[in-house]
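One structure is given here, and the rest of the page talks about it.
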Amino acid sequence: MLPSETQFHPLQESTLRFDGGAMFGHVPKTVWQKLVEPDHNNRVLTACNSLLVRTAGKNIVVEVGMGTKWSDKEVELYELKSNPYSQLLSPHGLTTSDIDLIIVTHLHIDHAGGLTRFNGQQKVESTFPNATVVVQQGEWEAANNPDLRSRPSYRAHDFLPIHESGKLQLVQGSRQILPGVEVILTGGHTQWHQIVKFTTARHTVYYLGDCIPSTAHLKPHWVMGYDLYPMDVIRARSRLFPLLVRENVIVVFGHDPANPVARIVEGKKPNTFDFLPAKFS
Ligand SMILES: [Zn+2]
């Protein structure tokens, strides 16, 4: 368990717009647009949310978002507004060199993009030079040998420099990273997608990644078009939702622009789920 004085700070790394159809898969627009309003290009506002955890002399970051290595054309395409980590961390009295450990749920561009950045000479370097980066072994292999569909979702310059610097920690399956810090393999979005659980005397916190990306995805079967194994997403959510309600934990959504932190509660009908916005006290 982590000490009770452990602090949790959600950081909105970026906002951007993703295609609404891709965010809601088989769900008809007439249904999902009641929850999320699309723009004139059918895109919906999305965030990439990181979680900073300060505990026992260690600084941990879960998920690092899009990062800043994007061309003007790509910035326009996604309407991307990304905040460099130097800016995100400075209100906490930290620099990117102060981060000891990073855990990513998977290596897609919008989750691992921030691992590296361009230096003054336009060369790619680690954003967090002192951080060990925890990745599932299977995800690492998939990212380095992407299938046709996954090819646009991975960019080697996001993660190869971490390997080259000797800071990559590959793990296999669900396991403890530190006392009170666990990764839990969910699969689904990618075969080796993982979520992260923190346990302190005061809080249990789940970082949900793309397993349940936002408060608009609280139905187990509302999977994304981006999900590679949708039935596995449904199975993982069906296990998770009752547990999140029963344990009354705090959850952090990877992509919710308005409510990154919440508690999951039962919905009005049986087997439905809702949320209450929450704060870390
Ligand atoms: Zn993804």
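Note on naming: chains are A, B, ... as they come in the structure tokens, residues start from 1 per chain, ligands start from 1 in the order shown.
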>> For ligand 1, return the neighbouring residues as an NGL selection string (distance at most 8 Å; only C-alpha atoms and all ligand atoms).
In response: :A and (106-111 or 153 or 189-190 or 210 or 226-227)
>> Among segment 74-207 of chain A, which residues does DSSP mark as strand (DSSP E) when it is run on the backbone? Keep the chain and numbering as in the structure and answer as a PyMOL selection string.
In response: chain A and resi 81-82+101-103+116-118+124-126+132-136+168-171+175-178+181-185+194-199+204-207
>> Please list as an MDAnalysis selection string every residue within 12 Å of Val75 of chain A, counting only C-alpha atoms and excluding residues in the same chain fewer than 6 positions away.
In response: chainID A and resid 14:17 66:69 81:82
Could you save the residues just selected, with N, CA and C atoms, as an mmCIF file, in the first residue's frame?
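Result went into selection.cif, see below:
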data_model
loop_
_atom_site.group_PDB
_atom_site.id
_atom_site.type_symbol
_atom_site.label_atom_id
_atom_site.label_comp_id
_atom_site.auth_asym_id
_atom_site.auth_seq_id
_atom_site.Cartn_x
_atom_site.Cartn_y
_atom_site.Cartn_z
ATOM 1 N N SER A 14 -3.638 17.364 -23.164
ATOM 2 C CA SER A 14 -4.049 17.983 -24.434
ATOM 3 C C SER A 14 -5.557 17.895 -24.602
ATOM 4 N N THR A 15 -6.048 18.712 -25.503
ATOM 5 C CA THR A 15 -7.394 18.510 -26.032
ATOM 6 C C THR A 15 -7.250 18.395 -27.543
ATOM 7 N N LEU A 16 -8.151 17.654 -28.125
ATOM 8 C CA LEU A 16 -8.123 17.435 -29.567
ATOM 9 C C LEU A 16 -9.491 16.936 -30.001
ATOM 10 N N ARG A 17 -9.667 16.809 -31.290
ATOM 11 C CA ARG A 17 -10.956 16.318 -31.790
ATOM 12 C C ARG A 17 -10.747 15.024 -32.556
ATOM 13 N N MET A 66 -0.504 13.068 -26.139
ATOM 14 C CA MET A 66 -0.070 13.277 -27.528
ATOM 15 C C MET A 66 1.364 13.787 -27.638
ATOM 16 N N GLY A 67 1.789 14.557 -26.633
ATOM 17 C CA GLY A 67 3.110 15.176 -26.747
ATOM 18 C C GLY A 67 3.112 16.307 -27.758
ATOM 19 N N THR A 68 4.308 16.726 -28.149
ATOM 20 C CA THR A 68 4.441 17.954 -28.947
ATOM 21 C C THR A 68 5.090 17.723 -30.317
ATOM 22 N N LYS A 69 5.336 16.468 -30.692
ATOM 23 C CA LYS A 69 6.049 16.207 -31.958
ATOM 24 C C LYS A 69 5.058 16.121 -33.132
ATOM 25 N N LYS A 81 -4.419 20.852 -29.093
ATOM 26 C CA LYS A 81 -3.804 21.842 -28.195
ATOM 27 C C LYS A 81 -3.093 21.049 -27.114
ATOM 28 N N SER A 82 -1.768 20.911 -27.236
ATOM 29 C CA SER A 82 -1.080 20.120 -26.214
ATOM 30 C C SER A 82 -0.247 21.016 -25.310
#
>> Set the distance at 9 Å and use only C-alpha atoms: which residues neighbour Val223 of chain A once local chain neighbours fewer than 6 positions away are removed? I'd like the list as a ChimeraX atom specification.
In response: /A:23-27,189,211-212,217,230-231,233-234
Can I get the selected residues back with N, CA and C atoms, as a tab-separated table (two decimals), in the first residue's frame?
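The resulting file, again30.tsv, is reproduced below:
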chain	number	residue	atom	x	y	z
A	23	MET	N	-15.14	7.17	-32.21
A	23	MET	CA	-15.20	7.14	-30.74
A	23	MET	C	-16.34	6.27	-30.23
A	24	PHE	N	-17.38	6.08	-31.08
A	24	PHE	CA	-18.55	5.35	-30.59
A	24	PHE	C	-18.90	4.12	-31.42
A	25	GLY	N	-18.01	3.74	-32.33
A	25	GLY	CA	-18.14	2.45	-33.01
A	25	GLY	C	-19.50	2.23	-33.65
A	26	HIS	N	-20.18	1.17	-33.24
A	26	HIS	CA	-21.44	0.78	-33.87
A	26	HIS	C	-22.63	1.59	-33.34
A	27	VAL	N	-22.41	2.44	-32.35
A	27	VAL	CA	-23.54	3.18	-31.77
A	27	VAL	C	-23.97	4.28	-32.75
A	189	HIS	N	-8.91	-3.00	-26.13
A	189	HIS	CA	-8.56	-1.88	-27.02
A	189	HIS	C	-7.36	-2.26	-27.89
A	211	CYS	N	-9.89	1.47	-21.75
A	211	CYS	CA	-10.87	0.43	-21.44
A	211	CYS	C	-12.26	1.07	-21.25
A	212	ILE	N	-12.28	2.16	-20.48
A	212	ILE	CA	-13.50	2.99	-20.34
A	212	ILE	C	-12.99	4.42	-20.52
A	217	HIS	N	-18.83	6.60	-22.13
A	217	HIS	CA	-18.65	5.17	-22.46
A	217	HIS	C	-18.99	4.29	-21.26
A	230	PRO	N	-13.23	-5.77	-29.72
A	230	PRO	CA	-14.37	-5.18	-28.98
A	230	PRO	C	-15.02	-6.12	-27.98
A	231	MET	N	-15.12	-7.40	-28.29
A	231	MET	CA	-15.75	-8.30	-27.32
A	231	MET	C	-14.92	-8.41	-26.04
A	233	VAL	N	-13.22	-5.89	-24.85
A	233	VAL	CA	-13.52	-4.65	-24.11
A	233	VAL	C	-14.79	-4.86	-23.30
A	234	ILE	N	-15.79	-5.45	-23.93
A	234	ILE	CA	-17.08	-5.66	-23.24
A	234	ILE	C	-16.88	-6.59	-22.03
>> With distances taken over only C-alpha atoms, which residue among A:Glu141, A:Asp19, A:Glu13, A:Asp232 lies nearest Leu51 of chain A?
In response: A:Glu13
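Nearest-residue note for Ala47 of chain A: choosing from A:Thr95, A:Asn83, A:Ser281, A:Ser126, the minimum distance belongs to A:Asn83, counting only C-alpha atoms.
Nearest to Ile250 of chain A of all the residues A:Lys219, A:His40, A:Lys268, A:His203 is A:His203, based on only C-alpha atoms.
Closest to Val196 of chain A among A:Pro84, A:Gly166, A:Gly173, A:Gly225 is A:Gly173, based on only C-alpha atoms.
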> Using only C-alpha atoms, which of the listed residues (A:Ser165, A:Asn119, A:Asn271, A:Gln12) sits closest to Arg239 of chain A?
Replying inline: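 Checking each of A:Ser165, A:Asn119, A:Asn271, A:Gln12 against Arg239 of chain A, counting only C-alpha atoms, the winner is A:Asn271.
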> Skipping near chain neighbours, those fewer than 6 positions away, what residues fall within 10 Å of Ile162 of chain A using only C-alpha atoms, listed as a PyMOL selection string?
Replying inline: chain A and resi 115-116+125-129+131-133+168-169
Give me a file of those residues, with N, CA and C atoms, as an mmCIF file, in the first residue's frame.
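The resulting again-v6.cif:
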data_model
loop_
_atom_site.group_PDB
_atom_site.id
_atom_site.type_symbol
_atom_site.label_atom_id
_atom_site.label_comp_id
_atom_site.auth_asym_id
_atom_site.auth_seq_id
_atom_site.Cartn_x
_atom_site.Cartn_y
_atom_site.Cartn_z
ATOM 1 N N LEU A 115 6.127 10.672 -24.459
ATOM 2 C CA LEU A 115 7.350 10.063 -23.893
ATOM 3 C C LEU A 115 8.610 10.742 -24.416
ATOM 4 N N THR A 116 8.517 11.258 -25.667
ATOM 5 C CA THR A 116 9.689 11.910 -26.254
ATOM 6 C C THR A 116 9.291 13.282 -26.804
ATOM 7 N N GLU A 125 14.323 13.237 -28.186
ATOM 8 C CA GLU A 125 14.926 12.838 -26.913
ATOM 9 C C GLU A 125 13.822 12.490 -25.918
ATOM 10 N N SER A 126 14.197 11.783 -24.858
ATOM 11 C CA SER A 126 13.244 11.464 -23.800
ATOM 12 C C SER A 126 12.739 12.739 -23.151
ATOM 13 N N THR A 127 11.435 12.825 -22.974
ATOM 14 C CA THR A 127 10.885 13.987 -22.260
ATOM 15 C C THR A 127 11.241 13.908 -20.774
ATOM 16 N N PHE A 128 11.283 12.676 -20.257
ATOM 17 C CA PHE A 128 11.510 12.452 -18.817
ATOM 18 C C PHE A 128 12.797 11.635 -18.670
ATOM 19 N N PRO A 129 13.966 12.309 -18.665
ATOM 20 C CA PRO A 129 15.233 11.569 -18.802
ATOM 21 C C PRO A 129 15.499 10.574 -17.673
ATOM 22 N N ALA A 131 13.112 8.837 -15.917
ATOM 23 C CA ALA A 131 11.969 7.966 -15.609
ATOM 24 C C ALA A 131 12.114 6.586 -16.240
ATOM 25 N N THR A 132 11.805 5.569 -15.433
ATOM 26 C CA THR A 132 11.614 4.230 -15.973
ATOM 27 C C THR A 132 10.208 4.179 -16.558
ATOM 28 N N VAL A 133 10.050 3.563 -17.724
ATOM 29 C CA VAL A 133 8.745 3.534 -18.390
ATOM 30 C C VAL A 133 8.245 2.088 -18.443
ATOM 31 N N LEU A 168 13.448 1.358 -20.342
ATOM 32 C CA LEU A 168 12.195 0.638 -20.583
ATOM 33 C C LEU A 168 12.085 -0.541 -19.622
ATOM 34 N N GLN A 169 10.921 -0.685 -18.983
ATOM 35 C CA GLN A 169 10.678 -1.868 -18.136
ATOM 36 C C GLN A 169 9.489 -2.629 -18.718
#
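When only C-alpha atoms are used to measure the gap to Pro28 of chain A, the shortest distance among A:Met224, A:Met1, A:Leu243, A:Leu52 belongs to A:Met224.
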Contact residues around Leu185 of chain A with only C-alpha atoms at 12 Å, ignoring same-chain residues under 3 positions, as a JSON list (two decimals) with C-alpha atoms, in the first residue's frame:
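What follows is the written file result.json:
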[["chain", "number", "residue", "atom", "x", "y", "z"],
["A", 104, "VAL", "CA", 1.42, 3.80, -20.10],
["A", 105, "THR", "CA", -1.71, 1.75, -20.79],
["A", 106, "HIS", "CA", -0.51, 1.07, -24.34],
["A", 135, "VAL", "CA", 4.98, -1.15, -20.81],
["A", 136, "GLN", "CA", 3.45, -4.59, -21.35],
["A", 137, "GLN", "CA", 5.84, -6.84, -23.23],
["A", 138, "GLY", "CA", 3.11, -7.86, -25.71],
["A", 139, "GLU", "CA", 2.23, -4.22, -26.37],
["A", 171, "VAL", "CA", 6.18, -6.48, -17.78],
["A", 172, "GLN", "CA", 4.05, -9.50, -18.52],
["A", 173, "GLY", "CA", 0.42, -9.52, -17.44],
["A", 174, "SER", "CA", -1.15, -8.14, -14.27],
["A", 175, "ARG", "CA", 1.39, -7.49, -11.55],
["A", 176, "GLN", "CA", 2.59, -5.18, -8.82],
["A", 182, "GLU", "CA", -0.46, -2.45, -9.86],
["A", 188, "GLY", "CA", -9.59, -5.27, -25.69],
["A", 189, "HIS", "CA", -8.56, -1.88, -27.02],
["A", 190, "THR", "CA", -5.26, -3.51, -27.91],
["A", 191, "GLN", "CA", -4.48, -7.10, -27.04],
["A", 192, "TRP", "CA", -2.14, -6.02, -24.24],
["A", 193, "HIS", "CA", -3.89, -2.90, -22.99],
["A", 194, "GLN", "CA", -3.46, -2.44, -19.23],
["A", 195, "ILE", "CA", -5.06, -0.22, -16.60],
["A", 196, "VAL", "CA", -3.39, 1.01, -13.40],
["A", 197, "LYS", "CA", -4.55, 0.68, -9.79],
["A", 208, "LEU", "CA", -8.87, 3.35, -16.92],
["A", 209, "GLY", "CA", -7.04, 4.22, -20.13],
["A", 210, "ASP", "CA", -8.98, 3.21, -23.22],
["A", 211, "CYS", "CA", -10.87, 0.43, -21.44],
["A", 232, "ASP", "CA", -12.76, -8.30, -24.97],
["A", 233, "VAL", "CA", -13.52, -4.65, -24.11],
["A", 236, "ALA", "CA", -13.31, -6.37, -19.30],
["A", 240, "LEU", "CA", -14.80, -3.83, -13.92]]
> Which distance in Å separates atom CA of Asn49 of chain A and atom CA of His255 of chain A, to one decimal?
Replying inline: 6.0 Å
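Summary of the local environment: counting only C-alpha atoms, residues at most 10 Å from His92 of chain A, other than itself and those fewer than 5 positions away along its chain, are His9, Leu52, Arg54 and Gln87 of chain A.
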Would you write out those residues with C-alpha atoms, as a short mmCIF file (atom, residue, chain, number, x, y, z; two decimals), in the first residue's frame?
data_model
loop_
_atom_site.label_atom_id
_atom_site.label_comp_id
_atom_site.auth_asym_id
_atom_site.auth_seq_id
_atom_site.Cartn_x
_atom_site.Cartn_y
_atom_site.Cartn_z
CA HIS A 9 -3.22 15.29 -9.57
CA LEU A 52 0.57 12.67 -11.55
CA ARG A 54 3.41 12.02 -5.68
CA GLN A 87 4.30 23.64 -18.06
#
>> Please extract the residues of segment 114-229 of chain A with a backbone DSSP assignment of helix (DSSP H, G or I) and present them as an MDAnalysis selection string.
In response: chainID A and resid 114:115 137:144 151:153 156:164 215:217
> Mind pulling up the distance from atom CA of Ala142 of chain A to atom CA of Leu218 of chain A?
Replying inline: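 Taking atom CA of Leu218 of chain A as the start and atom CA of Ala142 of chain A as the end point, the length is 27.6 Å.
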